[in-house]
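Accompanying notes for the structure given below.
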Amino acid sequence: AGGWDSVNDVYVRDPQQTQFWYVGKVARCTGTVSLKESIARQLNLIEEHATRLRPIELGRSLGQLEVWCAPGGSESLMANNDPQFKLDRMSRYVEGCENIDKKEVGFNAEVVTNQGVGFFIERTNDGVVPPHLL
């Protein structure tokens with residue numbers, strides 16, 4: 001199955017914004033499913049959840065949202081703008097993703113409990129920390 005190597009943090013953003021909203025984690029069976037395949041297989045679930053989690057910031061861009069990933073469990077390093085950690089942009093579709101068995105992938109959705117504030121980070125279009133935050 002896997003360990004932390006098969007888990008990634010998921011961020012979603014409106015392509016016109018620099019805010020990347022944390023929306024949850026994806027997991028996959030190692031050896032059979034890649035990160036990009038896992039995201040593409042679950043894109044509808046991730047995108048729908050993101051728009052419900054952040055309706056004002058992301059809701060109007062449903063169908064155009066960008067999904068980005070970071071190593072699993074890296075939220076605090078991302079929040080502290082550690083330049084060693086970069087977000088990677090995921091494809092909306094990967095050839096054959098529809099054939100991946102749902103038992104081989106999973107999505108652990110973020111739940112906002114802090115009066116609706118949520119968690120976001122600011123990054124450039126390349127997924128790196130902008131210079132003004134270093």
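Just remember, in the structure tokens the first chain shown is A, the second B, etc., residues are 1-based per chain, and ligands are 1-based in the order shown.
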Give the alpha helix (DSSP H) residues of chain A, as assigned by DSSP on the backbone, as an mmCIF file with all heavy atoms, in the first residue's frame.
data_model
loop_
_atom_site.group_PDB
_atom_site.id
_atom_site.type_symbol
_atom_site.label_atom_id
_atom_site.label_comp_id
_atom_site.auth_asym_id
_atom_site.auth_seq_id
_atom_site.Cartn_x
_atom_site.Cartn_y
_atom_site.Cartn_z
ATOM 1 N N LEU A 35 0.929 10.050 -8.455
ATOM 2 C CA LEU A 35 0.256 11.217 -7.878
ATOM 3 C C LEU A 35 -0.629 11.878 -8.925
ATOM 4 O O LEU A 35 -1.793 12.202 -8.656
ATOM 5 C CB LEU A 35 1.290 12.206 -7.329
ATOM 6 C CG LEU A 35 0.731 13.565 -6.891
ATOM 7 C CD1 LEU A 35 -0.319 13.397 -5.796
ATOM 8 C CD2 LEU A 35 1.868 14.471 -6.436
ATOM 9 N N LYS A 36 -0.093 12.092 -10.118
ATOM 10 C CA LYS A 36 -0.882 12.762 -11.166
ATOM 11 C C LYS A 36 -2.125 11.957 -11.536
ATOM 12 O O LYS A 36 -3.196 12.525 -11.764
ATOM 13 C CB LYS A 36 -0.017 13.026 -12.387
ATOM 14 C CG LYS A 36 1.018 14.097 -12.123
ATOM 15 C CD LYS A 36 1.846 14.421 -13.342
ATOM 16 C CE LYS A 36 2.845 15.511 -12.965
ATOM 17 N NZ LYS A 36 3.496 16.095 -14.098
ATOM 18 N N GLU A 37 -2.001 10.645 -11.573
ATOM 19 C CA GLU A 37 -3.168 9.805 -11.866
ATOM 20 C C GLU A 37 -4.197 9.888 -10.733
ATOM 21 O O GLU A 37 -5.404 9.949 -10.985
ATOM 22 C CB GLU A 37 -2.733 8.350 -12.058
ATOM 23 C CG GLU A 37 -1.964 8.102 -13.327
ATOM 24 C CD GLU A 37 -1.353 6.715 -13.387
ATOM 25 O OE1 GLU A 37 -1.003 6.142 -12.324
ATOM 26 O OE2 GLU A 37 -1.226 6.203 -14.510
ATOM 27 N N SER A 38 -3.713 9.907 -9.505
ATOM 28 C CA SER A 38 -4.602 9.991 -8.353
ATOM 29 C C SER A 38 -5.407 11.283 -8.371
ATOM 30 O O SER A 38 -6.618 11.279 -8.127
ATOM 31 C CB SER A 38 -3.779 9.898 -7.067
ATOM 32 O OG SER A 38 -4.595 10.063 -5.932
ATOM 33 N N ILE A 39 -4.752 12.391 -8.664
ATOM 34 C CA ILE A 39 -5.444 13.685 -8.731
ATOM 35 C C ILE A 39 -6.449 13.688 -9.876
ATOM 36 O O ILE A 39 -7.601 14.089 -9.714
ATOM 37 C CB ILE A 39 -4.437 14.845 -8.890
ATOM 38 C CG1 ILE A 39 -3.583 14.989 -7.630
ATOM 39 C CG2 ILE A 39 -5.148 16.153 -9.229
ATOM 40 C CD1 ILE A 39 -4.314 15.453 -6.398
ATOM 41 N N ALA A 40 -6.024 13.258 -11.049
ATOM 42 C CA ALA A 40 -6.913 13.265 -12.218
ATOM 43 C C ALA A 40 -8.140 12.376 -11.977
ATOM 44 O O ALA A 40 -9.252 12.732 -12.364
ATOM 45 C CB ALA A 40 -6.155 12.814 -13.461
ATOM 46 N N ARG A 41 -7.946 11.232 -11.328
ATOM 47 C CA ARG A 41 -9.056 10.310 -11.055
ATOM 48 C C ARG A 41 -10.063 10.935 -10.106
ATOM 49 O O ARG A 41 -11.254 10.674 -10.173
ATOM 50 C CB ARG A 41 -8.514 8.996 -10.472
ATOM 51 C CG ARG A 41 -9.584 7.994 -10.104
ATOM 52 C CD ARG A 41 -10.267 7.490 -11.368
ATOM 53 N NE ARG A 41 -11.178 6.404 -11.107
ATOM 54 C CZ ARG A 41 -12.502 6.551 -11.015
ATOM 55 N NH1 ARG A 41 -13.048 7.741 -11.151
ATOM 56 N NH2 ARG A 41 -13.260 5.500 -10.801
ATOM 57 N N LEU A 43 -10.417 14.353 -9.572
ATOM 58 C CA LEU A 43 -10.513 15.792 -9.831
ATOM 59 C C LEU A 43 -11.886 16.356 -9.500
ATOM 60 O O LEU A 43 -11.987 17.394 -8.848
ATOM 61 C CB LEU A 43 -10.140 16.118 -11.279
ATOM 62 C CG LEU A 43 -10.215 17.608 -11.614
ATOM 63 C CD1 LEU A 43 -9.150 18.378 -10.856
ATOM 64 C CD2 LEU A 43 -10.085 17.839 -13.088
ATOM 65 N N ASN A 44 -12.945 15.722 -9.944
ATOM 66 C CA ASN A 44 -14.283 16.258 -9.676
ATOM 67 C C ASN A 44 -14.548 16.386 -8.186
ATOM 68 O O ASN A 44 -15.079 17.396 -7.728
ATOM 69 C CB ASN A 44 -15.360 15.388 -10.332
ATOM 70 C CG ASN A 44 -15.346 15.513 -11.838
ATOM 71 O OD1 ASN A 44 -14.835 16.477 -12.387
ATOM 72 N ND2 ASN A 44 -15.898 14.522 -12.505
ATOM 73 N N LEU A 45 -14.183 15.362 -7.418
ATOM 74 C CA LEU A 45 -14.372 15.383 -5.973
ATOM 75 C C LEU A 45 -13.569 16.520 -5.336
ATOM 76 O O LEU A 45 -14.090 17.290 -4.522
ATOM 77 C CB LEU A 45 -13.946 14.039 -5.381
ATOM 78 C CG LEU A 45 -13.957 13.914 -3.862
ATOM 79 C CD1 LEU A 45 -15.360 14.080 -3.319
ATOM 80 C CD2 LEU A 45 -13.373 12.570 -3.453
ATOM 81 N N ILE A 46 -12.325 16.646 -5.726
ATOM 82 C CA ILE A 46 -11.447 17.686 -5.165
ATOM 83 C C ILE A 46 -11.958 19.075 -5.512
ATOM 84 O O ILE A 46 -12.061 19.953 -4.649
ATOM 85 C CB ILE A 46 -9.996 17.493 -5.660
ATOM 86 C CG1 ILE A 46 -9.417 16.196 -5.084
ATOM 87 C CG2 ILE A 46 -9.126 18.692 -5.296
ATOM 88 C CD1 ILE A 46 -8.121 15.742 -5.734
ATOM 89 N N GLU A 47 -12.308 19.276 -6.769
ATOM 90 C CA GLU A 47 -12.760 20.598 -7.215
ATOM 91 C C GLU A 47 -14.100 20.980 -6.575
ATOM 92 O O GLU A 47 -14.274 22.114 -6.123
ATOM 93 C CB GLU A 47 -12.860 20.610 -8.740
ATOM 94 C CG GLU A 47 -12.999 21.999 -9.298
ATOM 95 C CD GLU A 47 -12.888 22.027 -10.805
ATOM 96 O OE1 GLU A 47 -13.466 21.150 -11.480
ATOM 97 O OE2 GLU A 47 -12.228 22.951 -11.305
ATOM 98 N N GLU A 48 -15.038 20.044 -6.514
ATOM 99 C CA GLU A 48 -16.331 20.318 -5.874
ATOM 100 C C GLU A 48 -16.128 20.642 -4.393
ATOM 101 O O GLU A 48 -16.742 21.570 -3.869
ATOM 102 C CB GLU A 48 -17.260 19.121 -6.019
ATOM 103 C CG GLU A 48 -17.807 18.930 -7.411
ATOM 104 C CD GLU A 48 -18.973 19.846 -7.730
ATOM 105 O OE1 GLU A 48 -19.595 20.400 -6.799
ATOM 106 O OE2 GLU A 48 -19.262 19.998 -8.920
ATOM 107 N N HIS A 49 -15.284 19.882 -3.716
ATOM 108 C CA HIS A 49 -15.029 20.146 -2.297
ATOM 109 C C HIS A 49 -14.407 21.529 -2.120
ATOM 110 O O HIS A 49 -14.802 22.276 -1.224
ATOM 111 C CB HIS A 49 -14.120 19.069 -1.698
ATOM 112 C CG HIS A 49 -13.730 19.372 -0.292
ATOM 113 N ND1 HIS A 49 -14.624 19.365 0.750
ATOM 114 C CD2 HIS A 49 -12.534 19.725 0.241
ATOM 115 C CE1 HIS A 49 -14.005 19.702 1.874
ATOM 116 N NE2 HIS A 49 -12.731 19.923 1.582
ATOM 117 N N ALA A 50 -13.454 21.869 -2.964
ATOM 118 C CA ALA A 50 -12.784 23.176 -2.861
ATOM 119 C C ALA A 50 -13.782 24.329 -2.995
ATOM 120 O O ALA A 50 -13.703 25.308 -2.255
ATOM 121 C CB ALA A 50 -11.702 23.286 -3.927
ATOM 122 N N THR A 51 -14.721 24.204 -3.915
ATOM 123 C CA THR A 51 -15.688 25.295 -4.112
ATOM 124 C C THR A 51 -16.680 25.382 -2.963
ATOM 125 O O THR A 51 -17.200 26.465 -2.687
ATOM 126 C CB THR A 51 -16.434 25.161 -5.450
ATOM 127 O OG1 THR A 51 -17.156 23.930 -5.472
ATOM 128 C CG2 THR A 51 -15.477 25.231 -6.616
ATOM 129 N N ARG A 52 -16.939 24.278 -2.294
ATOM 130 C CA ARG A 52 -17.817 24.320 -1.117
ATOM 131 C C ARG A 52 -17.065 24.815 0.118
ATOM 132 O O ARG A 52 -17.631 25.488 0.968
ATOM 133 C CB ARG A 52 -18.418 22.939 -0.864
ATOM 134 C CG ARG A 52 -19.515 22.622 -1.866
ATOM 135 C CD ARG A 52 -20.067 21.229 -1.682
ATOM 136 N NE ARG A 52 -21.225 20.975 -2.509
ATOM 137 C CZ ARG A 52 -21.187 20.728 -3.814
ATOM 138 N NH1 ARG A 52 -20.038 20.742 -4.461
ATOM 139 N NH2 ARG A 52 -22.300 20.498 -4.492
ATOM 140 N N LEU A 53 -15.791 24.490 0.190
ATOM 141 C CA LEU A 53 -14.965 24.934 1.309
ATOM 142 C C LEU A 53 -14.704 26.437 1.239
ATOM 143 O O LEU A 53 -14.715 27.126 2.260
ATOM 144 C CB LEU A 53 -13.627 24.164 1.278
ATOM 145 C CG LEU A 53 -12.705 24.269 2.462
ATOM 146 C CD1 LEU A 53 -13.328 23.623 3.695
ATOM 147 C CD2 LEU A 53 -11.377 23.603 2.143
ATOM 148 N N PRO A 55 -16.359 29.048 -1.064
ATOM 149 C CA PRO A 55 -17.275 29.469 -2.138
ATOM 150 C C PRO A 55 -16.980 30.865 -2.697
ATOM 151 O O PRO A 55 -17.116 31.081 -3.907
ATOM 152 C CB PRO A 55 -18.655 29.399 -1.494
ATOM 153 C CG PRO A 55 -18.412 29.424 -0.025
ATOM 154 C CD PRO A 55 -17.062 28.814 0.179
ATOM 155 N N ILE A 56 -16.558 31.770 -1.856
ATOM 156 C CA ILE A 56 -16.290 33.139 -2.329
ATOM 157 C C ILE A 56 -15.001 33.185 -3.135
ATOM 158 O O ILE A 56 -14.948 33.767 -4.214
ATOM 159 C CB ILE A 56 -16.237 34.130 -1.139
ATOM 160 C CG1 ILE A 56 -17.632 34.212 -0.505
ATOM 161 C CG2 ILE A 56 -15.735 35.493 -1.591
ATOM 162 C CD1 ILE A 56 -17.680 34.963 0.787
ATOM 163 N N GLU A 57 -13.960 32.553 -2.629
ATOM 164 C CA GLU A 57 -12.643 32.622 -3.271
ATOM 165 C C GLU A 57 -12.533 31.712 -4.490
ATOM 166 O O GLU A 57 -11.815 32.026 -5.434
ATOM 167 C CB GLU A 57 -11.543 32.252 -2.275
ATOM 168 C CG GLU A 57 -11.406 33.195 -1.110
ATOM 169 C CD GLU A 57 -12.326 32.870 0.063
ATOM 170 O OE1 GLU A 57 -13.178 31.959 -0.062
ATOM 171 O OE2 GLU A 57 -12.202 33.535 1.109
ATOM 172 N N LEU A 58 -13.219 30.554 -4.484
ATOM 173 C CA LEU A 58 -13.028 29.562 -5.544
ATOM 174 C C LEU A 58 -14.294 29.212 -6.333
ATOM 175 O O LEU A 58 -14.209 28.683 -7.433
ATOM 176 C CB LEU A 58 -12.452 28.266 -4.947
ATOM 177 C CG LEU A 58 -11.120 28.400 -4.213
ATOM 178 C CD1 LEU A 58 -10.756 27.081 -3.531
ATOM 179 C CD2 LEU A 58 -10.018 28.848 -5.151
ATOM 180 N N GLU A 75 2.265 20.997 5.767
ATOM 181 C CA GLU A 75 1.508 22.235 5.958
ATOM 182 C C GLU A 75 2.277 23.297 6.751
ATOM 183 O O GLU A 75 2.292 24.472 6.370
ATOM 184 C CB GLU A 75 0.162 21.973 6.650
ATOM 185 C CG GLU A 75 -0.759 21.058 5.908
ATOM 186 C CD GLU A 75 -0.693 19.626 6.402
ATOM 187 O OE1 GLU A 75 0.433 19.088 6.583
ATOM 188 O OE2 GLU A 75 -1.759 19.029 6.601
ATOM 189 N N SER A 76 2.910 22.888 7.856
ATOM 190 C CA SER A 76 3.617 23.890 8.665
ATOM 191 C C SER A 76 4.825 24.452 7.935
ATOM 192 O O SER A 76 5.127 25.645 8.037
ATOM 193 C CB SER A 76 4.025 23.313 10.025
ATOM 194 O OG SER A 76 4.946 22.261 9.855
ATOM 195 N N LEU A 77 5.525 23.622 7.176
ATOM 196 C CA LEU A 77 6.668 24.120 6.394
ATOM 197 C C LEU A 77 6.190 25.065 5.292
ATOM 198 O O LEU A 77 6.835 26.082 5.015
ATOM 199 C CB LEU A 77 7.434 22.944 5.791
ATOM 200 C CG LEU A 77 8.086 22.020 6.816
ATOM 201 C CD1 LEU A 77 8.533 20.722 6.162
ATOM 202 C CD2 LEU A 77 9.251 22.712 7.492
ATOM 203 N N MET A 78 5.059 24.747 4.695
ATOM 204 C CA MET A 78 4.505 25.627 3.662
ATOM 205 C C MET A 78 4.050 26.952 4.288
ATOM 206 O O MET A 78 4.272 28.016 3.728
ATOM 207 C CB MET A 78 3.325 24.950 2.953
ATOM 208 C CG MET A 78 3.727 23.697 2.199
ATOM 209 S SD MET A 78 4.977 24.008 0.951
ATOM 210 C CE MET A 78 3.978 23.979 -0.491
ATOM 211 N N ALA A 79 3.420 26.871 5.456
ATOM 212 C CA ALA A 79 2.950 28.081 6.142
ATOM 213 C C ALA A 79 4.115 28.985 6.544
ATOM 214 O O ALA A 79 3.980 30.206 6.562
ATOM 215 C CB ALA A 79 2.133 27.709 7.374
#
Which of range 6-130 of chain A DSSP labels strand (DSSP E or B), written as a PyMOL selection string: chain A and resi 7-13+19-28+66-71+88-89+105-109+120-122
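Counting only C-alpha atoms and comparing A:Ser74, A:Ser61, A:Thr113, A:Thr18, the residue that lies closest to Lys86 in chain A is A:Ser74.
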Interface rows for range 35-130 of chain A against range 2-17 of chain A: nearest pair, Å to one decimal, 6 Å, only C-alpha atoms, as CSV:
residue,atom,partner,partner_atom,distance
A:Leu58,CA,A:Asp14,CA,5.9
A:Leu65,CA,A:Asp14,CA,5.2
A:Glu66,CA,A:Arg13,CA,5.4
A:Val67,CA,A:Val12,CA,4.6
A:Trp68,CA,A:Tyr11,CA,5.1
A:Cys69,CA,A:Val10,CA,4.7
A:Ala70,CA,A:Asp9,CA,5.1
A:Pro71,CA,A:Asn8,CA,4.8
A:Gly72,CA,A:Asn8,CA,3.9
Keeping only N, CA and C atoms, write the selected residues as a PDB file, in the first residue's frame.
ATOM      1  N   LEU A  58     -13.219  30.554  -4.484  1.00  0.00           N
ATOM      2  CA  LEU A  58     -13.028  29.562  -5.544  1.00  0.00           C
ATOM      3  C   LEU A  58     -14.294  29.212  -6.333  1.00  0.00           C
ATOM      4  N   LEU A  65     -10.372  25.644 -11.996  1.00  0.00           N
ATOM      5  CA  LEU A  65      -9.448  25.679 -10.860  1.00  0.00           C
ATOM      6  C   LEU A  65      -8.192  24.868 -11.146  1.00  0.00           C
ATOM      7  N   GLU A  66      -7.110  25.314 -10.552  1.00  0.00           N
ATOM      8  CA  GLU A  66      -5.834  24.600 -10.652  1.00  0.00           C
ATOM      9  C   GLU A  66      -5.610  23.814  -9.369  1.00  0.00           C
ATOM     10  N   VAL A  67      -5.151  22.576  -9.523  1.00  0.00           N
ATOM     11  CA  VAL A  67      -4.833  21.728  -8.375  1.00  0.00           C
ATOM     12  C   VAL A  67      -3.317  21.590  -8.306  1.00  0.00           C
ATOM     13  N   TRP A  68      -2.768  21.843  -7.120  1.00  0.00           N
ATOM     14  CA  TRP A  68      -1.333  21.780  -6.870  1.00  0.00           C
ATOM     15  C   TRP A  68      -1.085  20.878  -5.677  1.00  0.00           C
ATOM     16  N   CYS A  69       0.048  20.224  -5.633  1.00  0.00           N
ATOM     17  CA  CYS A  69       0.354  19.304  -4.535  1.00  0.00           C
ATOM     18  C   CYS A  69       1.708  19.593  -3.902  1.00  0.00           C
ATOM     19  N   ALA A  70       1.773  19.246  -2.625  1.00  0.00           N
ATOM     20  CA  ALA A  70       3.006  19.337  -1.839  1.00  0.00           C
ATOM     21  C   ALA A  70       3.193  17.997  -1.142  1.00  0.00           C
ATOM     22  N   PRO A  71       4.376  17.737  -0.617  1.00  0.00           N
ATOM     23  CA  PRO A  71       4.578  16.490   0.131  1.00  0.00           C
ATOM     24  C   PRO A  71       3.575  16.379   1.281  1.00  0.00           C
ATOM     25  N   GLY A  72       3.157  15.176   1.598  1.00  0.00           N
ATOM     26  CA  GLY A  72       2.212  14.961   2.691  1.00  0.00           C
ATOM     27  C   GLY A  72       2.752  15.432   4.025  1.00  0.00           C
TER      28      GLY A  72
END
CA of Arg123 in chain A to CA of Lys25 in chain A: how many Å, to one decimal? 18.7 Å
Could you check the closest approach to Glu98 in chain A for each of A:Gln42, A:Tyr22, A:Val112, A:Arg28 and tell me which residue wins, using only C-alpha atoms? A:Gln42
d(CA of Ala109 in chain A, CA of Val26 in chain A) in Å: 8.6 Å
Can you measure CA of Asn81 in chain A to CA of Val129 in chain A for me? One decimal in Å is fine.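 Calculated distance between CA of Asn81 in chain A and CA of Val129 in chain A is 6.1 Å.
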